[in-house]
>>> print(open('input21.txt').read())   # compact mmCIF, C-alpha atoms
# COMPACT_ATOMS: atom_id res chain seq x y z
CA MET A 1416 111.99 170.27 237.41
CA ASN A 1417 110.75 166.68 237.79
CA ILE A 1418 110.91 163.70 235.42
CA THR A 1419 107.40 164.43 234.09
CA ASP A 1420 108.56 167.83 232.86
CA LEU A 1421 111.59 166.31 231.17
CA ILE A 1422 109.53 163.89 229.11
CA SER A 1423 106.56 166.18 228.57
CA PRO A 1424 104.83 165.27 225.29
CA LYS A 1425 104.90 168.98 224.35
CA LEU A 1426 108.65 168.70 223.87
CA PHE A 1427 108.03 166.33 220.96
CA LYS A 1428 104.63 167.57 219.91
CA ASN A 1429 105.95 170.98 218.85
CA GLU A 1430 109.26 169.82 217.43
CA PRO A 1431 108.77 167.33 214.55
CA PHE A 1432 112.30 168.22 213.42
CA TRP A 1433 113.71 166.62 216.56
CA LEU A 1434 111.63 163.52 216.01
CA LEU A 1435 112.98 163.25 212.48
CA SER A 1436 116.52 163.76 213.75
CA ILE A 1437 116.10 161.06 216.42
CA THR A 1438 114.69 158.64 213.85
CA ALA A 1439 117.48 159.32 211.36
CA GLY A 1440 120.12 158.90 214.06
CA LEU A 1441 118.70 155.61 215.30
CA GLU A 1442 118.32 154.14 211.82
CA ALA A 1443 121.86 155.25 210.95
CA ILE A 1444 123.07 153.33 214.01
CA CYS A 1445 121.08 150.27 212.90
CA LEU A 1446 122.56 150.38 209.38
CA THR A 1447 126.07 150.81 210.78
CA LEU A 1448 125.65 147.77 213.03
CA VAL A 1449 124.40 145.66 210.12
CA TRP A 1450 127.32 146.85 208.01
CA LYS A 1451 129.82 146.01 210.78
CA ALA A 1452 128.23 142.58 211.10
CA ASP A 1453 129.06 142.06 207.40
CA ASP A 1454 125.45 141.09 206.69
CA VAL A 1455 125.40 142.42 203.12
CA GLY A 1456 122.02 140.95 202.25
CA HIS A 1457 120.27 142.45 205.26
CA LEU A 1458 122.03 145.79 204.74
CA GLY A 1459 120.68 146.07 201.20
CA MET A 1460 117.18 145.08 202.30
CA SER A 1461 117.29 147.51 205.24
CA ILE A 1462 118.09 150.41 202.91
CA LEU A 1463 115.25 149.39 200.58
CA PHE A 1464 112.74 149.07 203.43
CA LEU A 1465 113.79 152.42 204.91
CA PHE A 1466 113.34 154.10 201.54
CA ALA A 1467 109.83 152.65 201.36
CA THR A 1468 108.89 153.85 204.85
CA GLY A 1469 110.47 157.25 204.21
CA SER A 1470 108.41 157.65 201.04
CA LEU A 1471 105.20 156.81 202.88
CA LEU A 1472 105.96 159.24 205.68
CA TRP A 1473 106.79 162.01 203.23
CA ASP A 1474 103.43 161.57 201.49
CA LYS A 1475 101.50 161.94 204.76
CA ARG A 1476 103.76 164.53 206.44
CA HIS A 1477 101.08 167.25 206.44
CA THR A 1478 98.41 165.06 208.03
CA LEU A 1479 100.34 163.57 210.94
CA ARG A 1480 99.09 164.44 214.41
CA PHE A 1481 101.52 164.63 217.35
CA GLU A 1482 99.44 163.81 220.42
CA SER A 1483 101.54 161.72 222.75
CA ASP A 1484 101.17 161.38 226.52
CA VAL A 1485 103.50 160.77 229.44
CA PHE A 1486 103.01 156.99 229.57
CA SER A 1487 103.56 156.58 225.83
CA SER A 1488 106.62 158.83 226.01
CA ILE A 1489 108.13 156.75 228.82
CA VAL A 1490 107.60 153.50 226.87
CA GLY A 1491 109.02 155.12 223.73
CA LEU A 1492 112.10 156.33 225.58
CA LEU A 1493 112.65 152.90 227.13
CA LEU A 1494 112.56 151.28 223.70
CA ILE A 1495 115.05 153.82 222.35
CA ILE A 1496 117.32 153.30 225.38
CA TRP A 1497 117.17 149.55 224.72
CA VAL A 1498 118.26 150.08 221.11
CA LEU A 1499 121.13 152.33 222.23
CA TRP A 1500 122.14 149.81 224.90
CA GLN A 1501 122.17 146.99 222.37
CA SER A 1502 124.26 149.07 219.97
CA ALA A 1503 126.73 149.91 222.75
CA THR A 1504 127.16 146.34 224.03
CA GLN A 1505 126.98 144.87 220.50
CA ASN A 1506 125.70 141.61 221.96
CA LEU A 1507 123.35 141.42 219.00
CA GLU A 1508 122.93 137.89 217.64
CA HIS A 1509 119.12 137.80 217.15
CA THR A 1510 118.39 141.38 218.25
CA LEU A 1511 120.27 142.99 215.33
CA ARG A 1512 117.30 142.50 213.02
CA LEU A 1513 114.87 143.88 215.59
CA LEU A 1514 116.53 147.26 216.02
CA SER A 1515 115.00 149.13 213.06
CA PHE A 1516 111.45 148.15 213.98
CA THR A 1517 112.03 148.83 217.69
CA SER A 1518 113.51 152.26 216.91
CA ALA A 1519 110.57 153.20 214.70
CA PHE A 1520 108.06 151.96 217.25
CA GLY A 1521 109.74 153.93 220.04
CA VAL A 1522 109.83 157.17 218.07
CA SER A 1523 106.19 156.67 216.99
CA LEU A 1524 105.19 156.51 220.65
CA LEU A 1525 107.15 159.68 221.39
CA ALA A 1526 105.46 161.43 218.49
CA SER A 1527 101.85 160.34 218.77
CA GLY A 1528 101.40 157.91 221.64
CA PHE A 1529 99.56 154.60 221.55
CA LYS A 1530 96.39 156.29 220.30
CA GLY A 1531 98.20 157.74 217.31
CA LEU A 1532 100.02 154.57 216.24
CA LYS A 1533 97.42 153.90 213.55
CA GLN A 1534 98.93 156.83 211.61
CA TYR A 1535 102.12 154.82 211.20
CA TRP A 1536 100.69 151.33 210.70
CA GLU A 1537 102.00 151.10 207.13
CA GLU A 1538 105.55 152.05 208.07
CA LEU A 1539 105.58 149.88 211.19
CA ILE A 1540 104.29 146.79 209.41
CA ILE A 1541 106.94 147.17 206.69
CA LEU A 1542 109.74 147.45 209.26
CA PHE A 1543 108.20 144.58 211.23
CA PHE A 1544 108.61 142.30 208.21
CA LEU A 1545 112.17 143.52 207.68
CA GLY A 1546 113.47 141.52 210.62
CA VAL A 1547 110.94 140.13 213.10
CA PRO A 1548 109.79 137.10 211.01
CA SER A 1549 113.41 136.06 210.39
CA VAL A 1550 114.17 136.15 214.13
CA LEU A 1551 111.05 134.13 214.94
CA ALA A 1552 111.91 131.65 212.19
CA ASP A 1553 115.47 131.26 213.50
CA LEU A 1554 114.18 130.53 216.98
CA LEU A 1555 111.15 128.37 216.18
CA ILE A 1556 111.47 126.78 212.73
CA ASP A 1557 114.10 124.72 210.94
CA ILE A 1558 113.18 123.97 207.34
CA SER A 1559 116.56 122.45 206.50
CA PRO A 1560 115.23 118.87 206.14
CA LEU A 1561 112.40 120.07 203.90
CA SER A 1562 114.80 122.15 201.77
CA ALA A 1563 117.13 119.17 201.43
CA LYS A 1564 114.27 116.91 200.33
CA PHE A 1565 113.06 119.44 197.76
CA ALA A 1566 116.57 119.94 196.31
CA THR A 1567 116.99 116.15 196.15
CA LEU A 1568 113.71 115.88 194.26
CA LEU A 1569 114.89 118.49 191.75
CA LEU A 1570 118.14 116.61 191.20
CA TRP A 1571 116.34 113.28 190.85
CA TYR A 1572 113.98 114.69 188.22
CA SER A 1573 117.03 116.14 186.44
CA GLY A 1574 118.50 112.65 186.08
CA PHE A 1575 121.11 112.64 188.86
CA ASP A 1576 121.85 109.61 191.01
CA VAL A 1577 121.03 111.31 194.29
CA THR A 1578 120.23 110.18 197.83
CA ASN A 1579 118.83 112.18 200.71
CA VAL A 1580 119.31 111.35 204.40
CA GLY A 1581 117.94 114.02 206.72
CA VAL A 1582 119.72 117.27 205.84
CA ASN A 1583 122.43 115.52 203.80
CA ILE A 1584 122.38 115.20 200.01
CA TYR A 1585 124.63 112.56 198.46
CA LEU A 1586 125.80 112.45 194.85
CA PRO A 1587 128.43 110.14 193.32
CA THR A 1588 130.75 113.18 193.09
CA GLY A 1589 130.31 114.34 196.70
CA SER A 1590 127.82 115.43 199.32
CA ILE A 1591 126.53 118.56 201.05
CA LYS A 1592 124.78 119.25 204.33
CA VAL A 1593 121.91 121.75 204.35
CA VAL A 1594 122.35 123.72 207.59
CA HIS A 1595 119.81 126.19 208.97
CA SER A 1596 121.55 129.26 207.52
CA CYS A 1597 121.40 127.72 204.03
CA SER A 1598 117.84 126.43 204.31
CA GLY A 1599 116.45 129.48 202.49
CA ILE A 1600 114.76 131.06 205.47
CA ASP A 1601 116.40 134.43 204.76
CA THR A 1602 115.41 134.37 201.09
CA ILE A 1603 111.84 133.50 202.06
CA ASN A 1604 111.65 136.28 204.65
CA TYR A 1605 113.10 138.90 202.32
CA ILE A 1606 110.70 138.11 199.47
CA LEU A 1607 107.86 138.02 202.02
CA GLY A 1608 108.92 141.49 203.18
CA ILE A 1609 108.95 142.73 199.57
CA SER A 1610 105.42 141.38 199.16
CA ILE A 1611 104.30 143.43 202.18
CA ILE A 1612 105.86 146.59 200.71
CA ALA A 1613 104.06 145.89 197.43
CA LEU A 1614 100.71 145.35 199.14
CA VAL A 1615 101.05 148.53 201.22
CA MET A 1616 102.32 150.84 198.49
CA PHE A 1617 100.53 149.33 195.49
CA PRO A 1618 97.40 147.61 196.83
CA ILE A 1619 95.49 145.13 194.72
CA ALA A 1620 91.99 143.64 195.04
CA LYS A 1621 91.20 142.28 198.50
CA SER A 1622 90.40 138.86 197.05
CA LYS A 1623 94.05 138.48 195.95
CA ARG A 1624 95.88 140.01 198.91
CA PHE A 1625 95.88 136.86 201.03
CA PHE A 1626 97.63 134.87 198.30
CA ILE A 1627 100.46 137.33 197.68
CA PRO A 1628 102.45 136.53 200.88
CA ILE A 1629 101.85 132.81 200.28
CA PHE A 1630 103.21 133.14 196.75
CA ALA A 1631 106.23 135.04 198.13
CA ILE A 1632 106.98 132.26 200.66
CA ILE A 1633 106.68 129.51 198.03
CA LEU A 1634 108.81 131.46 195.56
CA GLY A 1635 111.57 131.98 198.13
CA PHE A 1636 111.54 128.29 199.03
CA VAL A 1637 111.69 127.15 195.40
CA ILE A 1638 114.45 129.60 194.48
CA ASN A 1639 116.60 128.38 197.36
CA GLY A 1640 115.85 124.75 196.49
CA VAL A 1641 117.31 125.37 193.03
CA ARG A 1642 120.35 126.97 194.68
CA ILE A 1643 120.92 123.96 196.95
CA ALA A 1644 120.61 121.58 194.00
CA MET A 1645 123.18 123.56 192.04
CA LEU A 1646 125.54 123.65 195.02
CA ALA A 1647 125.27 119.88 195.41
CA VAL A 1648 126.42 119.46 191.82
CA MET A 1649 129.16 122.10 192.09
CA GLU A 1650 130.59 120.70 195.31
CA GLY A 1651 132.08 117.69 193.54
CA THR A 1652 132.79 119.24 190.15
CA ASN A 1653 133.85 122.86 190.62
CA LYS A 1654 135.01 123.87 194.10
CA ALA A 1655 135.66 127.51 193.15
CA ALA A 1656 132.13 127.90 191.80
CA PHE A 1657 130.75 126.21 194.91
CA ASP A 1658 132.55 128.68 197.19
CA SER A 1659 131.32 131.65 195.15
CA TRP A 1660 127.69 130.54 195.02
CA HIS A 1661 127.66 129.30 198.60
CA GLY A 1662 128.97 132.26 200.55
CA GLY A 1663 130.47 134.63 197.99
CA GLN A 1664 128.96 137.55 196.10
CA ALA A 1665 127.28 135.24 193.58
CA SER A 1666 125.12 133.76 196.37
CA TYR A 1667 123.05 136.96 196.49
CA SER A 1668 121.97 136.42 192.89
CA TYR A 1669 119.28 133.97 194.00
CA GLY A 1670 117.66 136.48 196.31
CA VAL A 1671 117.77 139.17 193.62
CA LEU A 1672 116.28 136.73 191.11
CA GLY A 1673 113.46 135.90 193.50
CA ILE A 1674 112.68 139.57 194.06
CA LEU A 1675 112.70 140.25 190.31
CA ILE A 1676 110.33 137.34 189.63
CA PHE A 1677 107.99 138.49 192.39
CA GLY A 1678 108.09 142.07 191.09
CA LEU A 1679 107.27 140.93 187.56
CA VAL A 1680 104.34 138.79 188.70
CA TYR A 1681 102.98 141.58 190.91
CA MET A 1682 103.31 144.11 188.10
CA LEU A 1683 101.34 141.80 185.80
CA LEU A 1684 98.61 141.52 188.44
CA LEU A 1685 98.43 145.30 188.73
CA LYS A 1686 98.20 145.69 184.95
CA GLN A 1687 95.52 143.00 184.81
CA GLU A 1688 93.43 144.83 187.40
CA GLU A 1689 93.96 148.13 185.62
CA GLN A 1690 92.74 146.58 182.38
CA GLN A 1691 89.73 145.03 184.11
CA ASN A 1692 88.80 148.37 185.67
CA HIS A 1693 89.18 150.08 182.31
CA ASN A 1694 86.93 147.51 180.63
CA SER A 1695 84.35 147.88 183.43
CA GLU A 1696 84.31 151.66 183.01
CA SER A 1697 83.96 151.31 179.22
CA SER A 1698 81.03 148.89 179.66
CA SER A 1699 79.31 151.31 182.07
CA ILE A 1700 79.64 154.20 179.63
CA ASN A 1701 78.21 152.11 176.78
>>> encode(input="input21.txt", output="structure tokens")
Amino acid sequence: MNITDLISPKLFKNEPFWLLSITAGLEAICLTLVWKADDVGHLGMSILFLFATGSLLWDKRHTLRFESDVFSSIVGLLLIIWVLWQSATQNLEHTLRLLSFTSAFGVSLLASGFKGLKQYWEELIILFFLGVPSVLADLLIDISPLSAKFATLLLWYSGFDVTNVGVNIYLPTGSIKVVHSCSGIDTINYILGISIIALVMFPIAKSKRFFIPIFAIILGFVINGVRIAMLAVMEGTNKAAFDSWHGGQASYSYGVLGILIFGLVYMLLLKQEEQQNHNSESSSIN
């Protein structure tokens, strides 16, 4: 038996159960690694995104075609081996948030090959936005100065005697430094990911789709700007509150608030379109 026989597409083509088992095992590993990294925010979002992709796959389970080939199977296996290697070495830093998408992409190639990837485009794009944008943002973009300026502007309009120098915000009661991890990039990426889930699972008119991710990015930035402004005030007046809202459990409230606001706005858009369609149908009948 040669290597071609071992990775024959027929092995996967006739056994969707094994594909499901491989996927579940890989995603369980990814969730465990996130949990061990104590990244509570990303763990919660990972579970939400996996539920969304699982729901989509369940709806199309009877229409999926398993038509992989040797080359696609080799690439898929290499991606899976990379995920397993990363989980074994645990030298994760930036790669931790790439594992779910890489696992799903690898299994998709095993199942249906490059030609069949279009069957999974919805699931893959959702998992792509779970982690890939945040990694790219960490490596390429630092919005800390912009976040500091925006928070300073909010404080100034609120009547505070505030000064901004670079990433530092100065108040008479104390000062804070807006570092990259507090710049709001995670909040922005998570709300952006939620917007992608909404667009995939509950599509709206094409004329509005382009603006939804932009709204998500702006909302995440504004929400975090409010958080930074509050932290600047708390730092010199209530140290316990500052610690809680900076890195404690309360800090996740801003992300949850942003997601709730986005969900409410998107729901209103859906209802507006539904009403418009209903009125159009009524006018046609008349």
>>> residues_around(input="input21.txt", residues="Pro1548 of chain A", least_positions_apart="2", cutoff="12 Å", atoms="only C-alpha atoms", output="short mmCIF file (atom, residue, chain, number, x, y, z; two decimals) with C-alpha atoms, keeping the file's coordinate frame")
data_model
loop_
_atom_site.label_atom_id
_atom_site.label_comp_id
_atom_site.auth_asym_id
_atom_site.auth_seq_id
_atom_site.Cartn_x
_atom_site.Cartn_y
_atom_site.Cartn_z
CA HIS A 1509 119.12 137.80 217.15
CA ARG A 1512 117.30 142.50 213.02
CA LEU A 1513 114.87 143.88 215.59
CA PHE A 1516 111.45 148.15 213.98
CA ILE A 1540 104.29 146.79 209.41
CA ILE A 1541 106.94 147.17 206.69
CA LEU A 1542 109.74 147.45 209.26
CA PHE A 1543 108.20 144.58 211.23
CA PHE A 1544 108.61 142.30 208.21
CA LEU A 1545 112.17 143.52 207.68
CA GLY A 1546 113.47 141.52 210.62
CA VAL A 1550 114.17 136.15 214.13
CA LEU A 1551 111.05 134.13 214.94
CA ALA A 1552 111.91 131.65 212.19
CA ASP A 1553 115.47 131.26 213.50
CA LEU A 1554 114.18 130.53 216.98
CA LEU A 1555 111.15 128.37 216.18
CA ILE A 1556 111.47 126.78 212.73
CA ILE A 1600 114.76 131.06 205.47
CA ASP A 1601 116.40 134.43 204.76
CA THR A 1602 115.41 134.37 201.09
CA ILE A 1603 111.84 133.50 202.06
CA ASN A 1604 111.65 136.28 204.65
CA TYR A 1605 113.10 138.90 202.32
CA ILE A 1606 110.70 138.11 199.47
CA LEU A 1607 107.86 138.02 202.02
CA GLY A 1608 108.92 141.49 203.18
CA ILE A 1632 106.98 132.26 200.66
#
>>> residues_around(input="input21.txt", residues="segment 1636-1651 of chain A", least_positions_apart="5", cutoff="10 Å", atoms="only C-alpha atoms", output="MDAnalysis selection string")
chainID A and resid 1558 1561:1571 1573 1575 1577 1583:1593 1597:1604 1606 1630:1631 1656:1661 1666 1668:1670 1672:1673
>>> closest_residue(input="input21.txt", among="A:Tyr1535, A:Phe1626, A:Phe1617, A:Phe1481", to="Leu1685 of chain A", atoms="all atoms listed in the file")
A:Phe1617
>>> atom_distance(input="input21.txt", atom1="atom CA of Phe1529 of chain A", atom2="atom CA of Leu1434 of chain A")
16.0 Å
>>> axis_aligned_box(input="input21.txt", around="segment 1436-1440 of chain A", padding_each_side="3 Å", output="lines of an AutoDock Vina configuration file")
center_x = 117.4
center_y = 161.2
center_z = 213.9
size_x = 11.4
size_y = 11.1
size_z = 11.1
>>> atom_distance(input="input21.txt", atom1="atom CA of Leu1614 of chain A", atom2="atom CA of Lys1475 of chain A")
17.5 Å
>>> residues_around(input="input21.txt", residues="segment 1494-1498 of chain A", least_positions_apart="2", cutoff="8 Å", atoms="only C-alpha atoms", output="NGL selection string")
:A and (1490-1492 or 1500-1502 or 1514 or 1517-1518 or 1520-1522)
>>> residues_around(input="input21.txt", residues="Ile1489 of chain A", least_positions_apart="4", cutoff="9 Å", atoms="only C-alpha atoms", output="MDAnalysis selection string")
chainID A and resid 1422 1484:1485 1493:1494 1524:1525
>>> residues_near_point(input="input21.txt", point="(107.3, 140.0, 192.1)", cutoff="10 Å", atoms="all atoms listed in the file", output="PyMOL selection string")
chain A and resi 1606+1609-1610+1613+1627+1630-1631+1634+1672-1684
>>> closest_residue(input="input21.txt", among="A:Lys1621, A:Gly1456, A:Ala1439, A:Glu1689", to="Gly1469 of chain A", atoms="all atoms listed in the file")
A:Ala1439
>>> atom_distance(input="input21.txt", atom1="atom CA of Glu1688 of chain A", atom2="atom CA of Ser1622 of chain A")
11.7 Å
>>> decode(input="input21.txt", residues="segment 1578-1593 of chain A", atoms="N, CA and C atoms", output="compact mmCIF listing (two decimals), in the first residue's frame")
# COMPACT_ATOMS: atom_id res chain seq x y z
N THR A 1578 -6.00 66.47 28.75
CA THR A 1578 -4.94 66.70 27.77
C THR A 1578 -4.53 65.36 27.17
N ASN A 1579 -4.25 65.38 25.89
CA ASN A 1579 -3.83 64.17 25.19
C ASN A 1579 -2.46 64.38 24.56
N VAL A 1580 -1.54 63.47 24.85
CA VAL A 1580 -0.21 63.47 24.22
C VAL A 1580 0.05 62.05 23.72
N GLY A 1581 -0.05 61.86 22.41
CA GLY A 1581 0.15 60.52 21.85
C GLY A 1581 -0.89 59.54 22.35
N VAL A 1582 -0.46 58.50 23.05
CA VAL A 1582 -1.39 57.51 23.59
C VAL A 1582 -1.71 57.76 25.06
N ASN A 1583 -1.24 58.87 25.59
CA ASN A 1583 -1.46 59.20 27.00
C ASN A 1583 -2.59 60.21 27.16
N ILE A 1584 -3.44 59.98 28.16
CA ILE A 1584 -4.53 60.88 28.49
C ILE A 1584 -4.30 61.38 29.92
N TYR A 1585 -4.26 62.70 30.06
CA TYR A 1585 -3.97 63.30 31.36
C TYR A 1585 -5.18 64.05 31.90
N LEU A 1586 -5.54 63.74 33.13
CA LEU A 1586 -6.56 64.45 33.88
C LEU A 1586 -5.94 64.98 35.17
N PRO A 1587 -6.53 65.98 35.80
CA PRO A 1587 -5.99 66.48 37.07
C PRO A 1587 -5.86 65.39 38.14
N THR A 1588 -6.72 64.35 38.05
CA THR A 1588 -6.71 63.29 39.06
C THR A 1588 -5.76 62.15 38.73
N GLY A 1589 -5.22 62.11 37.51
CA GLY A 1589 -4.32 61.03 37.12
C GLY A 1589 -4.23 60.90 35.61
N SER A 1590 -3.58 59.86 35.16
CA SER A 1590 -3.40 59.66 33.72
C SER A 1590 -3.45 58.17 33.38
N ILE A 1591 -3.75 57.89 32.11
CA ILE A 1591 -3.71 56.51 31.62
C ILE A 1591 -2.99 56.48 30.28
N LYS A 1592 -2.48 55.31 29.95
CA LYS A 1592 -1.83 55.09 28.66
C LYS A 1592 -2.62 54.06 27.89
N VAL A 1593 -3.02 54.40 26.68
CA VAL A 1593 -3.82 53.50 25.85
C VAL A 1593 -2.87 52.61 25.05
